[in-house]
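Have a look at protein.json; it's JSON, C-alpha atoms:
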```
[["chain", "number", "residue", "atom", "x", "y", "z"],
["A", 1, "MET", "CA", 66.14, 86.49, -304.15],
["A", 2, "HIS", "CA", 62.55, 86.08, -305.18],
["A", 3, "THR", "CA", 63.09, 86.17, -308.92],
["A", 4, "ASN", "CA", 63.31, 82.42, -309.32],
["A", 5, "HIS", "CA", 60.24, 81.77, -307.21],
["A", 6, "ILE", "CA", 58.39, 78.77, -308.61],
["A", 7, "VAL", "CA", 54.63, 79.08, -308.32],
["A", 8, "PRO", "CA", 52.83, 75.73, -307.89],
["A", 9, "PRO", "CA", 50.51, 75.01, -310.87],
["A", 10, "ARG", "CA", 47.46, 74.77, -308.58],
["A", 11, "VAL", "CA", 47.78, 78.55, -308.04],
["A", 12, "TYR", "CA", 47.59, 79.04, -311.84],
["A", 13, "TYR", "CA", 44.55, 76.77, -312.09],
["A", 14, "ALA", "CA", 42.82, 78.64, -309.24],
["A", 15, "ILE", "CA", 43.49, 82.03, -310.89],
["A", 16, "PHE", "CA", 42.24, 80.61, -314.19],
["A", 17, "GLY", "CA", 39.01, 79.51, -312.46],
["A", 18, "ILE", "CA", 38.46, 82.95, -310.92],
["A", 19, "LEU", "CA", 39.13, 84.66, -314.29],
["A", 20, "MET", "CA", 36.57, 82.43, -316.02],
["A", 21, "LEU", "CA", 34.02, 83.03, -313.26],
["A", 22, "CYS", "CA", 34.55, 86.81, -313.56],
["A", 23, "THR", "CA", 34.06, 86.61, -317.34],
["A", 24, "TYR", "CA", 30.74, 84.80, -316.79],
["A", 25, "LEU", "CA", 29.71, 87.39, -314.17],
["A", 26, "THR", "CA", 30.55, 90.42, -316.31],
["A", 27, "VAL", "CA", 28.53, 89.03, -319.25],
["A", 28, "GLN", "CA", 25.53, 88.26, -317.01],
["A", 29, "ILE", "CA", 25.60, 91.68, -315.33],
["A", 30, "ALA", "CA", 25.68, 93.39, -318.75],
["A", 31, "PHE", "CA", 22.15, 92.15, -319.51],
["A", 32, "PHE", "CA", 20.65, 93.97, -316.50],
["A", 33, "ASP", "CA", 19.92, 97.68, -316.71],
["A", 34, "LEU", "CA", 21.85, 99.22, -313.82],
["A", 35, "GLY", "CA", 22.07, 102.68, -315.37],
["A", 36, "PRO", "CA", 25.53, 104.22, -314.96],
["A", 37, "LEU", "CA", 26.49, 101.31, -312.69],
["A", 38, "ASN", "CA", 26.77, 98.98, -315.72],
["A", 39, "VAL", "CA", 30.05, 100.54, -316.82],
["A", 40, "VAL", "CA", 31.28, 100.74, -313.19],
["A", 41, "ALA", "CA", 30.60, 97.02, -312.69],
["A", 42, "ALA", "CA", 32.22, 96.08, -316.04],
["A", 43, "LEU", "CA", 35.37, 98.11, -315.33],
["A", 44, "THR", "CA", 35.65, 96.95, -311.70],
["A", 45, "ILE", "CA", 35.58, 93.32, -312.85],
["A", 46, "ALA", "CA", 38.06, 94.08, -315.67],
["A", 47, "VAL", "CA", 40.49, 95.79, -313.26],
["A", 48, "PHE", "CA", 40.16, 92.86, -310.83],
["A", 49, "LYS", "CA", 40.89, 90.35, -313.63],
["A", 50, "ALA", "CA", 43.85, 92.37, -314.89],
["A", 51, "THR", "CA", 45.27, 92.61, -311.36],
["A", 52, "LEU", "CA", 45.12, 88.83, -310.95],
["A", 53, "VAL", "CA", 46.89, 88.33, -314.30],
["A", 54, "VAL", "CA", 49.62, 90.83, -313.37],
["A", 55, "LEU", "CA", 50.18, 89.49, -309.84],
["A", 56, "PHE", "CA", 50.11, 85.75, -310.54],
["A", 57, "PHE", "CA", 50.50, 84.95, -314.26],
["A", 58, "MET", "CA", 53.07, 87.73, -314.67],
["A", 59, "HIS", "CA", 54.73, 86.92, -311.32],
["A", 60, "VAL", "CA", 54.75, 90.51, -310.10],
["A", 61, "LYS", "CA", 53.68, 89.30, -306.63],
["A", 62, "TYR", "CA", 57.04, 87.52, -306.46],
["A", 63, "SER", "CA", 59.10, 90.19, -308.22],
["A", 64, "THR", "CA", 61.60, 92.81, -307.05],
["A", 65, "LYS", "CA", 60.55, 96.22, -305.70],
["A", 66, "LEU", "CA", 61.97, 97.78, -308.86],
["A", 67, "THR", "CA", 59.53, 95.76, -310.99],
["A", 68, "TRP", "CA", 56.69, 96.84, -308.70],
["A", 69, "ALA", "CA", 57.73, 100.47, -309.19],
["A", 70, "VAL", "CA", 57.67, 100.11, -312.98],
["A", 71, "VAL", "CA", 54.28, 98.37, -312.96],
["A", 72, "LEU", "CA", 52.72, 100.96, -310.65],
["A", 73, "GLY", "CA", 54.38, 103.67, -312.73],
["A", 74, "SER", "CA", 52.54, 102.45, -315.83],
["A", 75, "VAL", "CA", 49.21, 102.62, -313.96],
["A", 76, "PHE", "CA", 50.09, 106.09, -312.65],
["A", 77, "TRP", "CA", 50.95, 107.49, -316.10],
["A", 78, "LEU", "CA", 47.87, 105.88, -317.60],
["A", 79, "GLY", "CA", 45.90, 107.61, -314.83],
["A", 80, "ILE", "CA", 47.41, 110.98, -315.79],
["A", 81, "LEU", "CA", 46.59, 110.35, -319.46],
["A", 82, "LEU", "CA", 42.96, 109.50, -318.73],
["A", 83, "ALA", "CA", 42.31, 111.93, -315.86],
["A", 84, "LEU", "CA", 43.76, 115.04, -317.49],
["A", 85, "THR", "CA", 42.16, 114.26, -320.86],
["A", 86, "MET", "CA", 38.74, 113.69, -319.32],
["A", 87, "SER", "CA", 39.04, 116.72, -317.03],
["A", 88, "ASP", "CA", 39.18, 118.74, -320.24],
["A", 89, "TYR", "CA", 36.48, 117.01, -322.30],
["A", 90, "LEU", "CA", 34.02, 116.51, -319.44],
["A", 91, "THR", "CA", 34.16, 120.14, -318.33],
["A", 92, "ARG", "CA", 33.80, 121.81, -321.74],
["A", 93, "VAL", "CA", 30.00, 121.97, -321.36],
["A", 94, "TRP", "CA", 30.45, 123.99, -318.14],
["A", 95, "ARG", "CA", 31.14, 127.03, -320.31],
["A", 96, "THR", "CA", 27.39, 127.25, -320.93],
["A", 97, "TYR", "CA", 26.79, 128.15, -317.30],
["A", 98, "GLY", "CA", 29.71, 130.58, -316.90],
["B", 1, "MET", "CA", 84.00, 85.45, -312.00],
["B", 2, "SER", "CA", 85.87, 82.56, -313.53],
["B", 3, "ASP", "CA", 85.04, 82.07, -317.19],
["B", 4, "VAL", "CA", 85.43, 78.33, -316.84],
["B", 5, "HIS", "CA", 82.15, 78.04, -314.95],
["B", 6, "ALA", "CA", 80.22, 80.73, -316.82],
["B", 7, "HIS", "CA", 76.93, 79.59, -318.33],
["B", 8, "PRO", "CA", 76.98, 79.85, -322.15],
["B", 9, "ALA", "CA", 73.92, 82.13, -322.05],
["B", 10, "LEU", "CA", 75.51, 84.55, -319.53],
["B", 11, "ALA", "CA", 76.43, 87.83, -321.21],
["B", 12, "HIS", "CA", 79.83, 89.21, -320.17],
["B", 13, "HIS", "CA", 78.41, 92.41, -318.65],
["B", 14, "PHE", "CA", 76.43, 90.52, -316.00],
["B", 15, "ASP", "CA", 77.84, 88.91, -312.87],
["B", 16, "SER", "CA", 75.29, 86.13, -312.73],
["B", 17, "LEU", "CA", 72.37, 84.61, -314.61],
["B", 18, "GLU", "CA", 70.18, 85.85, -311.75],
["B", 19, "GLU", "CA", 71.23, 89.44, -312.37],
["B", 20, "GLN", "CA", 70.82, 88.96, -316.12],
["B", 21, "LYS", "CA", 67.29, 87.61, -315.66],
["B", 22, "GLU", "CA", 66.33, 90.55, -313.44],
["B", 23, "ALA", "CA", 67.57, 92.99, -316.06],
["B", 24, "ALA", "CA", 65.68, 91.16, -318.81],
["B", 25, "THR", "CA", 62.44, 91.12, -316.81],
["B", 26, "LEU", "CA", 62.77, 94.79, -315.94],
["B", 27, "GLY", "CA", 63.50, 95.68, -319.56],
["B", 28, "MET", "CA", 60.40, 93.81, -320.69],
["B", 29, "TRP", "CA", 58.29, 95.63, -318.12],
["B", 30, "VAL", "CA", 59.60, 99.00, -319.30],
["B", 31, "PHE", "CA", 58.58, 98.03, -322.83],
["B", 32, "LEU", "CA", 55.15, 97.00, -321.53],
["B", 33, "VAL", "CA", 54.75, 100.45, -319.92],
["B", 34, "THR", "CA", 55.09, 101.98, -323.39],
["B", 35, "GLU", "CA", 52.49, 99.48, -324.59],
["B", 36, "VAL", "CA", 50.12, 100.44, -321.77],
["B", 37, "LEU", "CA", 50.33, 104.08, -322.84],
["B", 38, "PHE", "CA", 50.09, 103.15, -326.54],
["B", 39, "PHE", "CA", 46.76, 101.39, -325.94],
["B", 40, "GLY", "CA", 45.95, 104.01, -323.27],
["B", 41, "GLY", "CA", 45.67, 106.68, -325.96],
["B", 42, "LEU", "CA", 43.08, 104.58, -327.76],
["B", 43, "PHE", "CA", 41.16, 103.93, -324.55],
["B", 44, "ALA", "CA", 41.17, 107.70, -323.86],
["B", 45, "THR", "CA", 39.77, 108.31, -327.38],
["B", 46, "TYR", "CA", 37.10, 105.72, -326.70],
["B", 47, "ALA", "CA", 36.23, 107.37, -323.35],
["B", 48, "ILE", "CA", 35.81, 110.80, -324.96],
["B", 49, "TYR", "CA", 33.56, 109.66, -327.82],
["B", 50, "ARG", "CA", 31.57, 107.32, -325.60],
["B", 51, "THR", "CA", 30.88, 110.27, -323.24],
["B", 52, "TRP", "CA", 29.81, 112.43, -326.17],
["B", 53, "TYR", "CA", 27.66, 109.86, -327.99],
["B", 54, "PRO", "CA", 26.50, 107.26, -325.43],
["B", 55, "ASP", "CA", 23.32, 106.28, -327.34],
["B", 56, "ALA", "CA", 25.08, 105.76, -330.67],
["B", 57, "PHE", "CA", 27.81, 103.72, -328.91],
["B", 58, "ALA", "CA", 25.22, 101.55, -327.15],
["B", 59, "ALA", "CA", 23.34, 100.96, -330.41],
["B", 60, "ALA", "CA", 26.54, 100.20, -332.35],
["B", 61, "SER", "CA", 27.89, 97.93, -329.60],
["B", 62, "HIS", "CA", 24.67, 95.94, -329.88],
["B", 63, "GLU", "CA", 25.73, 94.87, -333.41],
["B", 64, "LEU", "CA", 28.69, 92.90, -331.99],
["B", 65, "ASP", "CA", 28.31, 89.19, -331.29],
["B", 66, "VAL", "CA", 28.45, 88.70, -327.49],
["B", 67, "THR", "CA", 28.61, 84.90, -327.81],
["B", 68, "LEU", "CA", 31.68, 84.97, -330.06],
["B", 69, "GLY", "CA", 33.22, 87.72, -327.89],
["B", 70, "THR", "CA", 32.71, 85.66, -324.72],
["B", 71, "ILE", "CA", 34.11, 82.52, -326.34],
["B", 72, "ASN", "CA", 37.17, 84.49, -327.46],
["B", 73, "THR", "CA", 37.66, 85.90, -323.95],
["B", 74, "ALA", "CA", 37.60, 82.35, -322.55],
["B", 75, "VAL", "CA", 40.01, 81.17, -325.28],
["B", 76, "LEU", "CA", 42.47, 83.96, -324.48],
["B", 77, "ILE", "CA", 42.31, 83.38, -320.71],
["B", 78, "THR", "CA", 42.95, 79.68, -321.33],
["B", 79, "SER", "CA", 45.95, 80.59, -323.50],
["B", 80, "SER", "CA", 47.29, 82.67, -320.60],
["B", 81, "LEU", "CA", 46.98, 79.59, -318.38],
["B", 82, "THR", "CA", 48.89, 77.41, -320.86],
["B", 83, "MET", "CA", 51.51, 80.20, -321.17],
["B", 84, "ALA", "CA", 51.92, 80.31, -317.37],
["B", 85, "LEU", "CA", 52.28, 76.51, -317.37],
["B", 86, "ALA", "CA", 54.91, 76.77, -320.13],
["B", 87, "VAL", "CA", 56.92, 79.16, -317.95],
["B", 88, "HIS", "CA", 56.49, 76.78, -315.00],
["B", 89, "ALA", "CA", 57.78, 73.87, -317.11],
["B", 90, "ALA", "CA", 60.70, 76.07, -318.20],
["B", 91, "GLN", "CA", 61.59, 76.84, -314.57],
["B", 92, "LEU", "CA", 61.85, 73.10, -314.00],
["B", 93, "GLY", "CA", 63.70, 72.54, -317.29],
["B", 94, "GLN", "CA", 61.05, 70.12, -318.60],
["B", 95, "ARG", "CA", 61.76, 70.48, -322.32],
["B", 96, "ALA", "CA", 58.91, 68.37, -323.70],
["B", 97, "LYS", "CA", 56.36, 70.01, -321.42],
["B", 98, "ILE", "CA", 57.50, 73.52, -322.42],
["B", 99, "MET", "CA", 57.00, 72.63, -326.07],
["B", 100, "VAL", "CA", 53.54, 71.14, -325.46],
["B", 101, "PHE", "CA", 52.35, 74.21, -323.54],
["B", 102, "LEU", "CA", 53.87, 76.64, -326.06],
["B", 103, "ALA", "CA", 52.13, 74.76, -328.88],
["B", 104, "LEU", "CA", 48.83, 74.85, -326.94],
["B", 105, "THR", "CA", 49.24, 78.60, -326.37],
["B", 106, "MET", "CA", 49.83, 79.12, -330.10],
["B", 107, "ALA", "CA", 46.86, 76.92, -331.00],
["B", 108, "LEU", "CA", 44.56, 78.90, -328.70],
["B", 109, "GLY", "CA", 45.93, 82.14, -330.16],
["B", 110, "GLY", "CA", 45.09, 80.74, -333.59],
["B", 111, "VAL", "CA", 41.53, 79.92, -332.48],
["B", 112, "PHE", "CA", 41.16, 83.48, -331.18],
["B", 113, "LEU", "CA", 42.32, 84.99, -334.49],
["B", 114, "GLY", "CA", 40.08, 82.59, -336.43],
["B", 115, "ILE", "CA", 36.99, 83.65, -334.47],
["B", 116, "LYS", "CA", 38.04, 87.29, -334.86],
["B", 117, "SER", "CA", 38.20, 86.92, -338.65],
["B", 118, "VAL", "CA", 34.73, 85.35, -338.69],
["B", 119, "GLU", "CA", 33.49, 88.40, -336.76],
["B", 120, "TYR", "CA", 35.25, 90.80, -339.17],
["B", 121, "TYR", "CA", 33.67, 88.95, -342.08],
["B", 122, "HIS", "CA", 30.19, 89.35, -340.53],
["B", 123, "LYS", "CA", 30.75, 93.09, -340.03],
["B", 124, "PHE", "CA", 31.87, 93.37, -343.65],
["B", 125, "ALA", "CA", 28.78, 91.49, -344.88],
["B", 126, "GLU", "CA", 26.52, 93.64, -342.68],
["B", 127, "HIS", "CA", 27.94, 96.90, -344.12],
["B", 128, "LEU", "CA", 29.40, 97.94, -340.77],
["B", 129, "ILE", "CA", 32.80, 99.02, -342.15],
["B", 130, "PRO", "CA", 33.08, 102.82, -341.69],
["B", 131, "GLY", "CA", 33.01, 104.66, -345.01],
["B", 132, "PRO", "CA", 30.61, 105.35, -347.88],
["B", 133, "GLY", "CA", 29.09, 101.85, -347.70],
["B", 134, "PHE", "CA", 28.27, 102.06, -343.98],
["B", 135, "GLN", "CA", 24.64, 101.22, -343.20],
["B", 136, "PHE", "CA", 23.01, 101.93, -339.85],
["B", 137, "GLU", "CA", 19.84, 103.44, -338.36],
["B", 138, "LYS", "CA", 19.75, 107.02, -339.64],
["B", 139, "GLU", "CA", 19.72, 108.64, -336.21],
["B", 140, "HIS", "CA", 23.15, 107.25, -335.28],
["B", 141, "ILE", "CA", 24.76, 106.68, -338.67],
["B", 142, "ARG", "CA", 27.61, 109.21, -338.20],
["B", 143, "HIS", "CA", 28.48, 108.45, -334.60],
["B", 144, "ALA", "CA", 28.13, 104.68, -335.01],
["B", 145, "GLN", "CA", 30.96, 104.94, -337.56],
["B", 146, "ILE", "CA", 33.17, 106.40, -334.82],
["B", 147, "PHE", "CA", 32.39, 103.35, -332.69],
["B", 148, "PHE", "CA", 33.21, 100.96, -335.52],
["B", 149, "SER", "CA", 36.39, 102.87, -336.40],
["B", 150, "LEU", "CA", 37.52, 102.42, -332.80],
["B", 151, "TYR", "CA", 36.35, 98.80, -332.83],
["B", 152, "PHE", "CA", 38.46, 97.95, -335.88],
["B", 153, "VAL", "CA", 41.52, 99.95, -334.81],
["B", 154, "MET", "CA", 41.56, 98.61, -331.24],
["B", 155, "THR", "CA", 40.75, 94.97, -332.03],
["B", 156, "GLY", "CA", 42.98, 95.19, -335.14],
["B", 157, "LEU", "CA", 45.99, 96.41, -333.15],
["B", 158, "HIS", "CA", 45.23, 93.78, -330.53],
["B", 159, "ALA", "CA", 45.13, 91.10, -333.24],
["B", 160, "LEU", "CA", 48.44, 92.41, -334.63],
["B", 161, "HIS", "CA", 49.93, 91.95, -331.16],
["B", 162, "MET", "CA", 48.58, 88.39, -331.14],
["B", 163, "ILE", "CA", 50.21, 87.68, -334.51],
["B", 164, "ILE", "CA", 53.54, 89.05, -333.22],
["B", 165, "GLY", "CA", 53.07, 86.92, -330.08],
["B", 166, "PHE", "CA", 52.51, 83.92, -332.34],
["B", 167, "GLY", "CA", 55.86, 84.62, -334.01],
["B", 168, "ILE", "CA", 57.59, 84.99, -330.63],
["B", 169, "MET", "CA", 56.18, 81.64, -329.49],
["B", 170, "LEU", "CA", 57.46, 80.05, -332.70],
["B", 171, "VAL", "CA", 60.99, 81.29, -331.89],
["B", 172, "MET", "CA", 60.61, 80.07, -328.28],
["B", 173, "LEU", "CA", 59.52, 76.66, -329.57],
["B", 174, "TRP", "CA", 62.64, 76.54, -331.75],
["B", 175, "TRP", "CA", 64.94, 77.62, -328.91],
["B", 176, "THR", "CA", 63.41, 75.04, -326.58],
["B", 177, "TRP", "CA", 63.70, 72.31, -329.20],
["B", 178, "ARG", "CA", 67.39, 73.01, -329.83],
["B", 179, "GLY", "CA", 68.06, 73.00, -326.08],
["B", 180, "THR", "CA", 68.80, 76.67, -325.37],
["B", 181, "ILE", "CA", 66.12, 76.82, -322.67],
["B", 182, "THR", "CA", 67.08, 75.17, -319.40],
["B", 183, "ALA", "CA", 66.13, 75.43, -315.73],
["B", 184, "GLU", "CA", 69.10, 77.82, -315.31],
["B", 185, "TYR", "CA", 68.28, 79.92, -318.38],
["B", 186, "TYR", "CA", 64.58, 80.31, -319.03],
["B", 187, "SER", "CA", 64.15, 84.10, -319.08],
["B", 188, "PRO", "CA", 63.30, 84.14, -322.84],
["B", 189, "ILE", "CA", 60.20, 82.06, -322.04],
["B", 190, "GLU", "CA", 59.44, 84.17, -318.97],
["B", 191, "ILE", "CA", 59.51, 87.51, -320.79],
["B", 192, "SER", "CA", 57.67, 86.12, -323.83],
["B", 193, "GLY", "CA", 55.04, 85.10, -321.29],
["B", 194, "LEU", "CA", 54.91, 88.67, -319.93],
["B", 195, "TYR", "CA", 54.15, 89.89, -323.46],
["B", 196, "TRP", "CA", 51.45, 87.26, -324.02],
["B", 197, "HIS", "CA", 49.73, 88.04, -320.69],
["B", 198, "PHE", "CA", 49.83, 91.76, -321.47],
["B", 199, "VAL", "CA", 47.97, 91.15, -324.73],
["B", 200, "ASP", "CA", 45.44, 89.13, -322.70],
["B", 201, "ILE", "CA", 44.97, 92.09, -320.33],
["B", 202, "VAL", "CA", 44.27, 94.46, -323.25],
["B", 203, "TRP", "CA", 41.48, 92.12, -324.34],
["B", 204, "ILE", "CA", 40.13, 91.92, -320.76],
["B", 205, "PHE", "CA", 39.36, 95.66, -321.13],
["B", 206, "LEU", "CA", 38.36, 95.64, -324.81],
["B", 207, "PHE", "CA", 35.74, 92.93, -324.32],
["B", 208, "PRO", "CA", 33.40, 94.74, -321.86],
["B", 209, "LEU", "CA", 33.98, 98.19, -323.40],
["B", 210, "LEU", "CA", 33.19, 97.09, -326.96],
["B", 211, "TYR", "CA", 30.83, 94.12, -326.59],
["B", 212, "LEU", "CA", 28.94, 94.64, -323.36],
["B", 213, "ILE", "CA", 28.03, 98.35, -323.18],
["B", 214, "GLY", "CA", 24.40, 99.00, -323.90],
["B", 215, "ARG", "CA", 23.64, 95.29, -323.97],
["B", 216, "HIS", "CA", 20.67, 95.85, -321.64],
["B", 217, "ALA", "CA", 19.33, 98.83, -323.61],
["B", 218, "HIS", "CA", 17.86, 97.06, -326.64]]
```

Encoded form (structure tokens):
Amino acid sequence: MHTNHIVPPRVYYAIFGILMLCTYLTVQIAFFDLGPLNVVAALTIAVFKATLVVLFFMHVKYSTKLTWAVVLGSVFWLGILLALTMSDYLTRVWRTYG
Amino acid sequence: MSDVHAHPALAHHFDSLEEQKEAATLGMWVFLVTEVLFFGGLFATYAIYRTWYPDAFAAASHELDVTLGTINTAVLITSSLTMALAVHAAQLGQRAKIMVFLALTMALGGVFLGIKSVEYYHKFAEHLIPGPGFQFEKEHIRHAQIFFSLYFVMTGLHALHMIIGFGIMLVMLWWTWRGTITAEYYSPIEISGLYWHFVDIVWIFLFPLLYLIGRHAH
């Protein structure tokens, strides 16, 4: 079984380094005016950081398929929550044209 | 299934510690799913109001202290590293090391909460608490209060999670000290770690959405 997989500390230090670098990057990017791309860049970096934390710090990379299913399930339901809510609020102005 | 060899931490309804650990990890993840959706509702609220009032949100976000926010992000990421190292020490049954890393994690959590209270104090002094005393440029005064309401609710609930995490780490420290945690039975540390990392992830999203939006605009 993979559940007792022991990750060598150098992996944790490497992930820590990448997370710190990403934090520096996201702060630097925020000071440039990229229009709508500012929020895209900020969220892309945040999702990347969160994925690293989940896979390595939270050991999901080494976990059972059932754990994977639960983790992906949370992302899926969060997606439904955000997508269906925004599909309502973002389209309310369309009434003006119809 | 002889009781003579059963580990003292093995509950009778599990065949092995391995199976017990898997169940514990899965249970923690199911709890974290509810947490994802709990914070998800707040993020959805944020998304709606930000879409409606982008200028007010950018102006209000500009009032937050990016330096303190960045320092706190670094502090929290470092606490996740020390937490991961505590779990690693637990897997190897290194009692002293577990306690050192748990204490470091708690100390960093304390630093985070300390910086957060300094920020709250500044917002209070600058009349940025939503309500009758709220002061802001007239154009955005109503919608900026929505931003600050979300700021206080989201960072406040995050801070509450940190305080609960602090309590969990205290219990883990006690369990490690009295010898409950061993290389065979370390799942309490492992699933406490899952909780701590989850709280870190919430902040990874709160930081850019609250502190960094509209930074370029002013």

State, in Å with one decimal place, the distance from CA of Met172 (chain B) to CA of Ala107 (chain B).
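We find that CA of Met172 (chain B) and CA of Ala107 (chain B) lie 14.4 Å from each other.
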
Using only C-alpha atoms, can you tell me which of B:Ala89, B:Leu81, B:Ile163, B:Leu210 comes closest to Ile189 (chain B)?
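Smallest distance to Ile189 (chain B) is found for B:Ala89.
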
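Nearest to Thr64 (chain A) of all the residues B:Leu64, B:Ile204, B:Val36, B:Leu26 is B:Leu26, based on all atoms listed in the file.
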
Would you mind listing, as a PyMOL selection string, all residues of chain A that have at least one atom within 8 Å of chain B, where only C-alpha atoms are what counts?
chain A and resi 3-4+6-7+9+12-13+16+19-20+23+26-27+30-33+38-39+42-43+46-47+49-50+53-54+57-58+66-67+70-71+73-74+77-78+81-82+85-86+89-90
